[in-house]
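Take a look at the structure set out below.
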Amino acid sequence: MKNPHIKTELPGPKARALIARDAAVVSPSYPRDYPFVMSHGRGAEVWDVDGNRFIDLAAGIAVCSTGHSHPAVVAAITEAASRFLHISSDYWHEGQVRLAERMNEIAPMREPVMSFFAQSGTESVEGALKLARYVTGRPRFLGFLGGFHGRTMGSLAFTSSKYTQQKGFSGTMPGVTHVPFPNPYRPLFAGADQGREVLRYIEEQLFAANIPPGEVAGILIEPIQGEGGYLVPPDGFLAGLRALCDRHGILLILDEVQSGIGRTGTMFACQQWDVVPDIMTLAKGLGSGMPIGMVVAKKSIMEKWPRGAHGNTYGGNPLCCAAALATIDLVEREYRQNAAKVGAYFIERLRALAQKFPVVGEVRGKGLMIGVELVEDRASKAPARKLCDSLINRAYQNGLLLLSCGLSTVRFMPPLMINAATVDEAMNLLEISLIEALASSRTH
């Protein structure tokens with residue numbers, strides 16, 4: 001059955017008019033997939049300017065963690081806005097200090113932490129890289145193929161999920177070497193344990209022949225790769241990476257920008273494997289939609305850089321801090337557990353779908369960070385790129401907002417408050433969309 005909430009041919013007339021205005025004045029660099037023009041949202045539902053309702057399984061790229069316009073978050077922002085909108089980081093205010101205290105309470109480091117405030121994930125990564133270089137005095141880093149860490153020049157040096165993000169911007173930060181991220185579904189190394197083989201490659205090949213480990217300041221990695229395909233590493237890999245860092249005095253920097261703040265069912269994805277970072281970057285779901293990022297590091301590390309070593313005009317904005325405090329309270333009290341419970345149900349429904357459609361090669365994920373990899377056939381595992389693009393667009397036409405990642409993976413990252421009934425509705429729309437996408441592929 002089609003979605004009865006879709007009232008117009010998509011995009012509708014108001015949406016088309018606004019998109020035309022946008023084309024004249026807005027940068028064409030944004031990677032937009034389909035013409036959704038938002039009017040408003042509540043929870044896991046959004047409406048476009050023509051009155052059509054959609055289920056949002058993208059959440060602004062995993063940003064709207066507590067749902068669209070959660071009343072508690074809106075109230076916190078409103079109250080903060082009534083007092084003052086900005087005071088630079090040259091000064092102090094209660095919200096910023098309280099947020100740093102809350103992070104000290106919940107961070108996975110098992111020892112005191114300190115925080116630096118930013119506006120985005122890429123800026124948080126930049127801060128983490130500067131901190132690692134400063135405190136170690138070392139010039140080199142390791143990153144992972146398929147990783148996404150942002151688009152500013154330091155973080156871009158690590159980003160390798162699509163070459164289009166690098167094309168035309170050569171001359172990024174020097175000293176970065178990439179290694180494969182362990183992918184059991186598409187193994188690059190011989191051996192059943194891809195995590196162990198990647199660690200062996202770093203230790204026995206890279207460090208033995210190419211990179212002096214004593215020159216490596218940090219290893220930057222997403223605990224679960226986001227743009228690279230929602231890849232979940234094998235058990236034991238992150239713990240092994242932690243041990244490798246300890247052997248060589250290297251800082252382990254975990255990019256939890258997409259995976260943190262309850263997304264995987266634990267407050268931070270690294271807690272799925274009980275792994276402790278030295279430095280952690282946050283953004284996206286931290287502010288329920290408000291632009292905030294944080295560099296969180298062990299106090300013993302961050303206290304080493306002095307006054308003026310790094311700064312920020314808008315970091316610790318009072319509205320953003322208020323939103324983050326409200327978000328953390330909601331996630332800790334209720335939505336982290338909901339992500340674990342509803343995420344398990346969502347994965348179960350998706351695996352049932354895979355039994356009906358051989359083009360579903362693998363369903364993987366933790367909590368509400370779920371990827372479905374589409375393939376031409378399960379024997380070859382050839383990525384079904386065109387089918388993936390078609391499914392994303394058919395889903396939009398049917399009232400479902402989705403995004404892709406990796407080679408041909410559909411990712412599911414809804415607000416953490418989504419319930420099973422909404423998942424069921426979304427699954428019905430997804431199956432309709434997949435049937436339509438398959439039919440379209442057979443006629444072309």
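By order in the structure tokens, chains are A, B, ...; within a chain, residues start at 1; ligands start at 1, following the order shown.
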
Secondary structure check, strand (DSSP E) residues of segment 343-374 of chain A, as a list in words | Val360, Gly361, Glu362, Val363, Arg364, Gly365, Lys366, Met369, Ile370, Gly371, Val372, Glu373 and Leu374 of chain A

Please produce a file of the residues just selected, as a short mmCIF file (atom, residue, chain, number, x, y, z; two decimals), in the first residue's frame, where the atoms kept are C-alpha atoms.
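Output saved as selection.cif:
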```
data_model
loop_
_atom_site.label_atom_id
_atom_site.label_comp_id
_atom_site.auth_asym_id
_atom_site.auth_seq_id
_atom_site.Cartn_x
_atom_site.Cartn_y
_atom_site.Cartn_z
CA VAL A 360 20.43 -7.82 0.32
CA GLY A 361 23.98 -9.00 0.89
CA GLU A 362 24.44 -8.13 4.54
CA VAL A 363 22.62 -6.45 7.42
CA ARG A 364 24.98 -5.07 10.06
CA GLY A 365 25.03 -2.55 12.86
CA LYS A 366 24.71 -1.75 16.54
CA MET A 369 23.32 2.62 13.47
CA ILE A 370 22.40 0.03 10.85
CA GLY A 371 23.63 -0.65 7.33
CA VAL A 372 22.08 -2.82 4.60
CA GLU A 373 24.51 -3.62 1.80
CA LEU A 374 22.94 -4.24 -1.59
#
```

Write out, as a Markdown table, each residue of segment 24-74 of chain A that has an atom at most 12 Å from segment 142-164 of chain A, together with the closest pair of atoms and their distance in Å to one decimal, counting only C-alpha atoms, rows going by chain and rising number.
```
| residue | atom | partner | partner_atom | distance |
| --- | --- | --- | --- | --- |
| A:Ser29 | CA | A:Thr164 | CA | 10.8 |
| A:Tyr30 | CA | A:Thr164 | CA | 12.0 |
| A:Pro31 | CA | A:Thr164 | CA | 10.4 |
```

Can you write out the residues you just picked, keeping N, CA and C atoms, as a compact mmCIF listing (two decimals), in the first residue's frame?
```txt
# COMPACT_ATOMS: atom_id res chain seq x y z
N SER A 29 27.84 22.74 -4.28
CA SER A 29 28.72 21.68 -3.78
C SER A 29 28.03 20.71 -2.83
N TYR A 30 26.84 21.07 -2.33
CA TYR A 30 26.16 20.18 -1.39
C TYR A 30 25.75 18.87 -2.06
N PRO A 31 26.02 17.72 -1.44
CA PRO A 31 25.72 16.42 -2.07
C PRO A 31 24.28 15.98 -1.84
```

Would you please work out which residue, of A:Arg32, A:Arg442, A:Arg333, A:Arg307, is nearest to Leu403 of chain A when using only C-alpha atoms?
->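 Closest residue, counting only C-alpha atoms: A:Arg32.
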
Give me the residues within 8 Å of segment 217-226 of chain A as a VMD selection string, counting only C-alpha atoms and dropping any in the same chain fewer than 4 places off.
-> chain A and resid 129 132 to 133 136 to 144 146 to 148 230 to 233 238 245 250 to 256 258 to 259 269 to 270 405

Those selected residues, please, written with N, CA and C atoms and delivered as an mmCIF file, in the first residue's frame.
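To be explicit, this is the file written out as out_34.cif:
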```cif
data_model
loop_
_atom_site.group_PDB
_atom_site.id
_atom_site.type_symbol
_atom_site.label_atom_id
_atom_site.label_comp_id
_atom_site.auth_asym_id
_atom_site.auth_seq_id
_atom_site.Cartn_x
_atom_site.Cartn_y
_atom_site.Cartn_z
ATOM 1 N N LEU A 129 43.594 16.612 16.446
ATOM 2 C CA LEU A 129 44.874 16.433 15.766
ATOM 3 C C LEU A 129 45.917 17.409 16.305
ATOM 4 N N ALA A 132 47.028 16.236 19.754
ATOM 5 C CA ALA A 132 47.910 15.065 19.703
ATOM 6 C C ALA A 132 49.315 15.456 19.266
ATOM 7 N N ARG A 133 49.409 16.308 18.264
ATOM 8 C CA ARG A 133 50.727 16.751 17.813
ATOM 9 C C ARG A 133 51.443 17.543 18.908
ATOM 10 N N THR A 136 52.530 15.170 22.037
ATOM 11 C CA THR A 136 53.498 14.107 21.753
ATOM 12 C C THR A 136 54.773 14.634 21.112
ATOM 13 N N GLY A 137 54.671 15.767 20.414
ATOM 14 C CA GLY A 137 55.813 16.267 19.659
ATOM 15 C C GLY A 137 56.116 15.436 18.429
ATOM 16 N N ARG A 138 55.167 14.592 18.041
ATOM 17 C CA ARG A 138 55.362 13.709 16.884
ATOM 18 C C ARG A 138 54.593 14.226 15.678
ATOM 19 N N PRO A 139 55.086 13.992 14.439
ATOM 20 C CA PRO A 139 54.458 14.587 13.266
ATOM 21 C C PRO A 139 53.477 13.704 12.498
ATOM 22 N N ARG A 140 53.470 12.398 12.723
ATOM 23 C CA ARG A 140 52.728 11.488 11.850
ATOM 24 C C ARG A 140 51.438 10.982 12.498
ATOM 25 N N PHE A 141 50.530 10.508 11.600
ATOM 26 C CA PHE A 141 49.277 9.889 12.041
ATOM 27 C C PHE A 141 48.955 8.699 11.151
ATOM 28 N N LEU A 142 48.151 7.784 11.686
ATOM 29 C CA LEU A 142 47.533 6.733 10.881
ATOM 30 C C LEU A 142 46.027 6.974 10.833
ATOM 31 N N GLY A 143 45.450 6.782 9.639
ATOM 32 C CA GLY A 143 44.006 6.783 9.456
ATOM 33 C C GLY A 143 43.595 5.511 8.739
ATOM 34 N N PHE A 144 42.302 5.405 8.422
ATOM 35 C CA PHE A 144 41.795 4.163 7.833
ATOM 36 C C PHE A 144 41.047 4.422 6.534
ATOM 37 N N GLY A 146 38.280 4.332 3.931
ATOM 38 C CA GLY A 146 36.842 4.312 4.157
ATOM 39 C C GLY A 146 36.405 5.270 5.245
ATOM 40 N N GLY A 147 37.358 5.856 5.963
ATOM 41 C CA GLY A 147 37.002 6.752 7.055
ATOM 42 C C GLY A 147 36.475 8.086 6.573
ATOM 43 N N PHE A 148 35.630 8.694 7.376
ATOM 44 C CA PHE A 148 35.175 10.067 7.124
ATOM 45 C C PHE A 148 35.339 10.855 8.414
ATOM 46 N N TYR A 230 28.971 1.929 7.162
ATOM 47 C CA TYR A 230 28.436 1.421 8.428
ATOM 48 C C TYR A 230 29.060 0.068 8.749
ATOM 49 N N LEU A 231 30.386 0.057 8.701
ATOM 50 C CA LEU A 231 31.147 -1.171 8.938
ATOM 51 C C LEU A 231 31.421 -1.340 10.424
ATOM 52 N N VAL A 232 31.060 -2.496 10.938
ATOM 53 C CA VAL A 232 31.303 -2.843 12.336
ATOM 54 C C VAL A 232 32.581 -3.681 12.393
ATOM 55 N N PRO A 233 33.594 -3.260 13.144
ATOM 56 C CA PRO A 233 34.843 -4.025 13.175
ATOM 57 C C PRO A 233 34.661 -5.346 13.906
ATOM 58 N N LEU A 238 39.417 -3.291 18.082
ATOM 59 C CA LEU A 238 39.692 -2.021 18.752
ATOM 60 C C LEU A 238 40.538 -2.233 20.005
ATOM 61 N N CYS A 245 48.709 0.880 20.369
ATOM 62 C CA CYS A 245 49.015 2.266 20.727
ATOM 63 C C CYS A 245 49.811 2.325 22.026
ATOM 64 N N ILE A 250 51.538 5.793 21.340
ATOM 65 C CA ILE A 250 50.689 6.481 20.365
ATOM 66 C C ILE A 250 49.329 6.771 21.001
ATOM 67 N N LEU A 251 48.758 7.931 20.720
ATOM 68 C CA LEU A 251 47.443 8.277 21.250
ATOM 69 C C LEU A 251 46.349 7.664 20.376
ATOM 70 N N LEU A 252 45.382 7.025 21.004
ATOM 71 C CA LEU A 252 44.229 6.469 20.296
ATOM 72 C C LEU A 252 43.129 7.529 20.285
ATOM 73 N N ILE A 253 42.803 8.012 19.082
ATOM 74 C CA ILE A 253 41.790 9.052 18.913
ATOM 75 C C ILE A 253 40.557 8.415 18.278
ATOM 76 N N LEU A 254 39.464 8.377 19.013
ATOM 77 C CA LEU A 254 38.233 7.777 18.501
ATOM 78 C C LEU A 254 37.292 8.867 18.020
ATOM 79 N N ASP A 255 36.930 8.800 16.766
ATOM 80 C CA ASP A 255 35.966 9.736 16.171
ATOM 81 C C ASP A 255 34.568 9.179 16.423
ATOM 82 N N GLU A 256 33.919 9.703 17.449
ATOM 83 C CA GLU A 256 32.557 9.284 17.815
ATOM 84 C C GLU A 256 31.532 10.327 17.361
ATOM 85 N N GLN A 258 29.652 10.465 14.706
ATOM 86 C CA GLN A 258 28.392 9.860 14.254
ATOM 87 C C GLN A 258 27.914 8.751 15.179
ATOM 88 N N SER A 259 28.833 8.046 15.799
ATOM 89 C CA SER A 259 28.459 6.856 16.572
ATOM 90 C C SER A 259 28.185 7.148 18.044
ATOM 91 N N ALA A 269 30.152 4.397 21.210
ATOM 92 C CA ALA A 269 30.302 3.110 20.525
ATOM 93 C C ALA A 269 31.466 2.306 21.082
ATOM 94 N N CYS A 270 32.540 2.966 21.518
ATOM 95 C CA CYS A 270 33.694 2.230 22.034
ATOM 96 C C CYS A 270 33.334 1.381 23.245
ATOM 97 N N CYS A 405 25.664 5.034 1.930
ATOM 98 C CA CYS A 405 27.054 5.178 2.327
ATOM 99 C C CYS A 405 27.819 4.002 1.746
#
```

Got a sec: who's within 9 Å of segment 417-421 of chain A, counting only C-alpha atoms, leaving out chain neighbours fewer than 5 positions off, as a PyMOL selection string?
-> chain A and resi 43-44+65-67+331+334-336+338-339+342+345-346+426

Using DSSP secondary structure from the backbone, list all alpha helix (DSSP H) positions within segment 34-190 of chain A, as a CSV table (one decimal) with N, CA and C atoms, in the first residue's frame.
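Dumped everything to result27.csv:
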```
chain,number,residue,atom,x,y,z
A,59,ALA,N,17.6,11.4,10.0
A,59,ALA,CA,17.8,12.3,11.2
A,59,ALA,C,18.9,13.4,11.0
A,60,GLY,N,18.9,14.0,9.8
A,60,GLY,CA,19.9,15.0,9.6
A,60,GLY,C,21.3,14.5,9.6
A,61,ILE,N,21.5,13.3,9.1
A,61,ILE,CA,22.8,12.5,9.2
A,61,ILE,C,23.1,12.3,10.7
A,62,ALA,N,22.2,11.6,11.3
A,62,ALA,CA,22.4,11.1,12.7
A,62,ALA,C,22.5,12.3,13.7
A,71,PRO,N,10.5,18.7,23.0
A,71,PRO,CA,10.0,19.8,23.8
A,71,PRO,C,11.1,20.1,24.9
A,72,ALA,N,11.7,19.2,25.5
A,72,ALA,CA,12.7,19.5,26.5
A,72,ALA,C,13.9,20.2,26.0
A,73,VAL,N,14.3,19.8,24.8
A,73,VAL,CA,15.5,20.5,24.1
A,73,VAL,C,15.1,21.9,23.7
A,74,VAL,N,13.9,22.1,23.1
A,74,VAL,CA,13.4,23.4,22.7
A,74,VAL,C,13.3,24.3,24.0
A,75,ALA,N,12.8,23.8,25.1
A,75,ALA,CA,12.6,24.6,26.3
A,75,ALA,C,14.0,25.0,26.8
A,76,ALA,N,15.0,24.1,26.8
A,76,ALA,CA,16.3,24.5,27.2
A,76,ALA,C,16.9,25.5,26.4
A,77,ILE,N,16.8,25.4,25.1
A,77,ILE,CA,17.3,26.5,24.1
A,77,ILE,C,16.6,27.8,24.4
A,78,THR,N,15.3,27.8,24.5
A,78,THR,CA,14.5,29.0,24.7
A,78,THR,C,14.9,29.7,26.0
A,79,GLU,N,15.1,28.9,27.1
A,79,GLU,CA,15.5,29.5,28.3
A,79,GLU,C,16.8,30.1,28.2
A,80,ALA,N,17.8,29.4,27.6
A,80,ALA,CA,19.1,30.0,27.4
A,80,ALA,C,19.1,31.2,26.6
A,81,ALA,N,18.3,31.2,25.5
A,81,ALA,CA,18.2,32.4,24.6
A,81,ALA,C,17.6,33.6,25.3
A,94,GLU,N,27.9,29.4,32.9
A,94,GLU,CA,27.5,28.2,33.6
A,94,GLU,C,27.2,27.0,32.7
A,95,GLY,N,26.6,27.3,31.6
A,95,GLY,CA,26.2,26.1,30.7
A,95,GLY,C,27.4,25.4,30.1
A,96,GLN,N,28.5,26.2,29.8
A,96,GLN,CA,29.7,25.5,29.2
A,96,GLN,C,30.4,24.7,30.3
A,97,VAL,N,30.5,25.3,31.5
A,97,VAL,CA,31.2,24.6,32.6
A,97,VAL,C,30.4,23.3,33.0
A,98,ARG,N,29.0,23.4,33.0
A,98,ARG,CA,28.2,22.3,33.4
A,98,ARG,C,28.3,21.2,32.3
A,99,LEU,N,28.4,21.6,31.1
A,99,LEU,CA,28.5,20.5,30.0
A,99,LEU,C,29.8,19.8,30.1
A,100,ALA,N,30.9,20.5,30.4
A,100,ALA,CA,32.2,19.9,30.6
A,100,ALA,C,32.2,19.0,31.8
A,101,GLU,N,31.5,19.4,32.9
A,101,GLU,CA,31.3,18.5,34.0
A,101,GLU,C,30.5,17.3,33.7
A,102,ARG,N,29.5,17.4,32.9
A,102,ARG,CA,28.7,16.2,32.6
A,102,ARG,C,29.5,15.3,31.7
A,103,MET,N,30.3,15.8,30.8
A,103,MET,CA,31.2,15.0,30.0
A,103,MET,C,32.2,14.3,30.8
A,104,ASN,N,32.7,14.9,31.8
A,104,ASN,CA,33.6,14.3,32.8
A,104,ASN,C,33.0,13.1,33.5
A,105,GLU,N,31.6,13.2,33.7
A,105,GLU,CA,30.9,12.2,34.4
A,105,GLU,C,30.6,11.0,33.5
A,106,ILE,N,30.4,11.2,32.2
A,106,ILE,CA,30.0,10.1,31.3
A,106,ILE,C,31.0,9.6,30.4
A,121,GLY,N,31.8,18.4,13.7
A,121,GLY,CA,32.7,17.3,13.7
A,121,GLY,C,34.0,17.5,13.2
A,122,THR,N,34.1,18.2,12.0
A,122,THR,CA,35.4,18.4,11.4
A,122,THR,C,36.3,19.3,12.2
A,123,GLU,N,35.6,20.3,12.9
A,123,GLU,CA,36.4,21.2,13.8
A,123,GLU,C,36.9,20.5,15.0
A,124,SER,N,36.1,19.5,15.5
A,124,SER,CA,36.5,18.7,16.6
A,124,SER,C,37.7,17.9,16.3
A,125,VAL,N,37.7,17.3,15.1
A,125,VAL,CA,38.8,16.5,14.6
A,125,VAL,C,40.0,17.3,14.5
A,126,GLU,N,39.9,18.5,13.9
A,126,GLU,CA,41.0,19.4,13.8
A,126,GLU,C,41.7,19.7,15.2
A,127,GLY,N,40.8,19.9,16.2
A,127,GLY,CA,41.3,20.2,17.5
A,127,GLY,C,42.0,19.0,18.1
A,128,ALA,N,41.5,17.8,17.9
A,128,ALA,CA,42.1,16.6,18.4
A,128,ALA,C,43.5,16.3,17.7
A,129,LEU,N,43.6,16.6,16.4
A,129,LEU,CA,44.9,16.4,15.8
A,129,LEU,C,45.9,17.4,16.3
A,130,LYS,N,45.5,18.7,16.5
A,130,LYS,CA,46.4,19.6,17.0
A,130,LYS,C,46.9,19.3,18.4
A,131,LEU,N,45.9,18.8,19.3
A,131,LEU,CA,46.3,18.4,20.6
A,131,LEU,C,47.3,17.2,20.6
A,132,ALA,N,47.0,16.2,19.8
A,132,ALA,CA,47.9,15.1,19.7
A,132,ALA,C,49.3,15.5,19.3
A,133,ARG,N,49.4,16.3,18.3
A,133,ARG,CA,50.7,16.8,17.8
A,133,ARG,C,51.4,17.5,18.9
A,134,TYR,N,50.7,18.4,19.6
A,134,TYR,CA,51.3,19.3,20.6
A,134,TYR,C,51.9,18.5,21.7
A,135,VAL,N,51.1,17.5,22.3
A,135,VAL,CA,51.5,16.9,23.5
A,135,VAL,C,52.5,15.8,23.2
A,136,THR,N,52.5,15.2,22.0
A,136,THR,CA,53.5,14.1,21.8
A,136,THR,C,54.8,14.6,21.1
A,153,MET,N,40.9,21.0,6.0
A,153,MET,CA,42.1,20.5,5.4
A,153,MET,C,42.8,19.4,6.3
A,154,GLY,N,42.8,19.6,7.6
A,154,GLY,CA,43.4,18.6,8.4
A,154,GLY,C,42.6,17.3,8.5
A,155,SER,N,41.3,17.4,8.7
A,155,SER,CA,40.4,16.2,8.8
A,155,SER,C,40.3,15.6,7.4
A,156,LEU,N,40.3,16.4,6.3
A,156,LEU,CA,40.2,15.9,5.0
A,156,LEU,C,41.4,15.0,4.6
```

So, counting only C-alpha atoms, which residue among A:Leu391, A:Ile211, A:Met38, A:Ala23 is closest to Val176 of chain A?
->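 The closest residue to Val176 of chain A is A:Ile211.
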
Between A:Ser441, A:Ser300, A:Gln166, A:Asn52, which one has atoms that come closest to Leu10 of chain A, using only C-alpha atoms?
->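 Counting only C-alpha atoms, the residue closest to Leu10 of chain A is A:Asn52.
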
For Ser440 of chain A, the nearest of the candidates A:Glu303, A:Asp193, A:Asp389, A:Asp278, counting only C-alpha atoms |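 Among the listed residues, A:Asp389 lies closest to Ser440 of chain A.
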
Can you work out which one of A:Glu227, A:Pro187, A:Cys64, A:Leu241 has the shortest atom-to-atom distance to Arg263 of chain A, counting only C-alpha atoms?
->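 Of all the options, A:Cys64 lies closest to Arg263 of chain A.
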
Excluding same-chain residues fewer than 4 positions from Arg186 of chain A, what lies within 10 Å of it counting only C-alpha atoms, as a list in words?
-> Pro182, Gln194 and Lys381 of chain A

Can you work out the spacing between atom CA of Ile261 of chain A and atom CA of Ser288 of chain A in Å, to one decimal?
->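 Separation between atom CA of Ile261 of chain A and atom CA of Ser288 of chain A: 10.0 Å.
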
Pick from A:Ala17, A:Met413, A:Ile432, A:Ala58 nearest to Lys2 of chain A, counting only C-alpha atoms =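 Nearest candidate to Lys2 of chain A out of A:Ala17, A:Met413, A:Ile432, A:Ala58: A:Ile432.
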